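What follows is a short report on a single structure.
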Amino acid sequence: MLQYEDILAQIYSVLQEIARDNREINETTDLVADLGLDSMAVMELLAAIEDRFDISIPLNILPDVRTVKDLALQIQQLMVES
């Protein structure tokens, strides 16, 4: 199983491909407010994350995901459950 730091590194990689500018991304980066991701970009992010980690992300967790850290923790939890 991947460690939290490895999950973060992969999220950073995916976000750099999707984000509109070259902002610095860290754990506290807000996916919508800081990166300006619209609904299509969020769906693209989720699809890329699902492919990268070979998981399925239930849409009901999205209200709990605001920051990169939130996303990493949710991914970690989903990987434990699968």
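The chains in the structure tokens are called A, B, ... from first to last as shown; in each chain the residues are counted from 1, and the ligands are counted from 1 in the order shown.
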
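Excluding A:Asn26 itself and same-chain residues fewer than 3 positions from it, the residues having an atom within 8 Å of it are Tyr12, Thr29 and Val68 of chain A, counting only C-alpha atoms.
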
State, in Å with one decimal place, the distance from atom CA of A:Ala19 to atom CA of A:Leu31.
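If I compute the distance from atom CA of A:Ala19 to atom CA of A:Leu31, I get 9.1 Å.
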
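As for atom CA of A:Lys69 and atom CA of A:Glu27, they are spaced 4.7 Å apart.
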
Using Å and a single decimal, report how far atom CA of A:Arg52 sits from atom CA of A:Val14.
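Separation of atom CA of A:Val14 and atom CA of A:Arg52: 8.7 Å.
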
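The list of residues with at least one atom within 10 Å of stretch 57-64 of chain A, based on only C-alpha atoms and without residues fewer than 2 positions apart in the same chain, reads Val42, Leu46, Ala47, Ile49, Glu50, Asp54, Ile55, Arg66, Thr67, Asp70, Leu71, Gln74, Ile75 and Leu78 of chain A.
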
What does the file look like for those residues with all heavy atoms, as a short mmCIF file (atom, residue, chain, number, x, y, z; two decimals), in the first residue's frame?
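This went into out24.cif:
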```
data_model
loop_
_atom_site.label_atom_id
_atom_site.label_comp_id
_atom_site.auth_asym_id
_atom_site.auth_seq_id
_atom_site.Cartn_x
_atom_site.Cartn_y
_atom_site.Cartn_z
N VAL A 42 -12.77 19.35 -12.08
CA VAL A 42 -12.88 18.46 -10.93
C VAL A 42 -13.18 17.04 -11.40
O VAL A 42 -12.58 16.08 -10.91
CB VAL A 42 -13.95 18.95 -9.94
CG1 VAL A 42 -14.25 17.90 -8.87
CG2 VAL A 42 -13.51 20.26 -9.28
N LEU A 46 -10.88 13.77 -10.85
CA LEU A 46 -11.35 12.51 -10.26
C LEU A 46 -11.06 11.33 -11.16
O LEU A 46 -10.63 10.27 -10.70
CB LEU A 46 -12.84 12.60 -9.93
CG LEU A 46 -13.22 13.57 -8.82
CD1 LEU A 46 -14.72 13.58 -8.64
CD2 LEU A 46 -12.51 13.23 -7.52
N ALA A 47 -11.29 11.49 -12.45
CA ALA A 47 -11.03 10.41 -13.40
C ALA A 47 -9.54 10.06 -13.43
O ALA A 47 -9.16 8.88 -13.43
CB ALA A 47 -11.51 10.80 -14.79
N ILE A 49 -7.36 10.58 -11.02
CA ILE A 49 -7.01 9.98 -9.73
C ILE A 49 -7.46 8.52 -9.69
O ILE A 49 -6.73 7.65 -9.24
CB ILE A 49 -7.64 10.78 -8.57
CG1 ILE A 49 -7.02 12.17 -8.46
CG2 ILE A 49 -7.55 10.03 -7.25
CD1 ILE A 49 -5.59 12.21 -7.99
N GLU A 50 -8.67 8.27 -10.16
CA GLU A 50 -9.17 6.89 -10.19
C GLU A 50 -8.27 6.01 -11.04
O GLU A 50 -7.95 4.88 -10.65
CB GLU A 50 -10.61 6.85 -10.72
CG GLU A 50 -11.62 7.39 -9.73
CD GLU A 50 -13.04 7.37 -10.25
OE1 GLU A 50 -13.26 7.41 -11.48
OE2 GLU A 50 -13.96 7.32 -9.41
N ASP A 54 -6.16 3.24 -9.30
CA ASP A 54 -7.00 2.06 -9.54
C ASP A 54 -8.06 1.91 -8.45
O ASP A 54 -8.21 0.85 -7.82
CB ASP A 54 -6.16 0.80 -9.67
CG ASP A 54 -6.96 -0.36 -10.24
OD1 ASP A 54 -7.90 -0.10 -11.03
OD2 ASP A 54 -6.66 -1.52 -9.90
N ILE A 55 -8.77 3.02 -8.21
CA ILE A 55 -9.85 3.03 -7.22
C ILE A 55 -11.08 3.68 -7.85
O ILE A 55 -10.99 4.27 -8.92
CB ILE A 55 -9.47 3.83 -5.95
CG1 ILE A 55 -9.10 5.27 -6.30
CG2 ILE A 55 -8.37 3.13 -5.18
CD1 ILE A 55 -8.87 6.18 -5.11
N ARG A 66 -11.94 19.41 0.21
CA ARG A 66 -11.69 20.80 -0.20
C ARG A 66 -10.22 21.02 -0.53
O ARG A 66 -9.90 21.75 -1.44
CB ARG A 66 -12.12 21.77 0.90
CG ARG A 66 -13.63 21.79 1.11
CD ARG A 66 -14.11 22.98 1.89
NE ARG A 66 -13.57 24.26 1.47
CZ ARG A 66 -14.06 25.01 0.47
NH1 ARG A 66 -15.10 24.57 -0.21
NH2 ARG A 66 -13.53 26.16 0.19
N THR A 67 -9.35 20.40 0.23
CA THR A 67 -7.92 20.62 0.05
C THR A 67 -7.23 19.38 -0.51
O THR A 67 -7.81 18.29 -0.53
CB THR A 67 -7.25 20.99 1.39
OG1 THR A 67 -7.34 19.86 2.27
CG2 THR A 67 -7.90 22.21 2.03
N ASP A 70 -7.22 16.76 2.16
CA ASP A 70 -8.50 16.04 2.24
C ASP A 70 -8.57 14.94 1.18
O ASP A 70 -8.99 13.82 1.47
CB ASP A 70 -9.68 17.00 2.02
CG ASP A 70 -9.83 18.05 3.10
OD1 ASP A 70 -9.32 17.86 4.22
OD2 ASP A 70 -10.47 19.08 2.81
N LEU A 71 -8.15 15.28 -0.03
CA LEU A 71 -8.19 14.31 -1.13
C LEU A 71 -7.24 13.15 -0.85
O LEU A 71 -7.60 11.99 -1.04
CB LEU A 71 -7.84 15.00 -2.45
CG LEU A 71 -7.85 14.13 -3.70
CD1 LEU A 71 -9.21 13.47 -3.91
CD2 LEU A 71 -7.46 14.95 -4.92
N GLN A 74 -8.70 10.85 1.78
CA GLN A 74 -9.81 10.05 1.23
C GLN A 74 -9.27 8.92 0.34
O GLN A 74 -9.76 7.79 0.40
CB GLN A 74 -10.76 10.93 0.43
CG GLN A 74 -11.58 11.87 1.28
CD GLN A 74 -12.63 11.16 2.11
OE1 GLN A 74 -12.99 10.03 1.86
NE2 GLN A 74 -13.15 11.85 3.11
N ILE A 75 -8.26 9.21 -0.47
CA ILE A 75 -7.66 8.20 -1.34
C ILE A 75 -7.04 7.10 -0.48
O ILE A 75 -7.22 5.91 -0.74
CB ILE A 75 -6.62 8.81 -2.28
CG1 ILE A 75 -7.31 9.69 -3.31
CG2 ILE A 75 -5.79 7.72 -2.96
CD1 ILE A 75 -6.38 10.56 -4.11
N LEU A 78 -9.78 4.96 0.89
CA LEU A 78 -10.37 4.11 -0.15
C LEU A 78 -9.44 2.94 -0.49
O LEU A 78 -9.91 1.84 -0.77
CB LEU A 78 -10.68 4.93 -1.40
CG LEU A 78 -11.85 5.90 -1.28
CD1 LEU A 78 -11.89 6.84 -2.46
CD2 LEU A 78 -13.16 5.13 -1.14
#
```

Would you mind listing what lies within 12 Å of A:Leu2 as a list in words, with only C-alpha atoms counted and same-chain residues fewer than 2 positions away left out?
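Once the nearby chain positions are removed, what remains is Tyr4, Glu5, Asp6, Ile7, Leu8, Ala9, Gln10, Arg52, Phe53, Ala72, Leu73, Ile75, Gln76, Gln77, Leu78, Met79 and Val80 of chain A.
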
Given only C-alpha atoms as the basis, pick out the residue of A:Glu44, A:Gln3, A:Ser82, A:Val65 nearest to A:Asp30.
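With only C-alpha atoms as the atom set, the closest residue is A:Val65.
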
When distances are computed from only C-alpha atoms, which of A:Met1, A:Ile18, A:Ile11, A:Ile25 shows the smallest separation from A:Met43?
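Closest candidate: A:Ile18.
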
Would you return as an MDAnalysis selection string the members of stretch 3-65 of chain A that DSSP assigns to helix (DSSP H, G or I) on this structure's backbone?
chainID A and resid 4:18 39:53 59:64
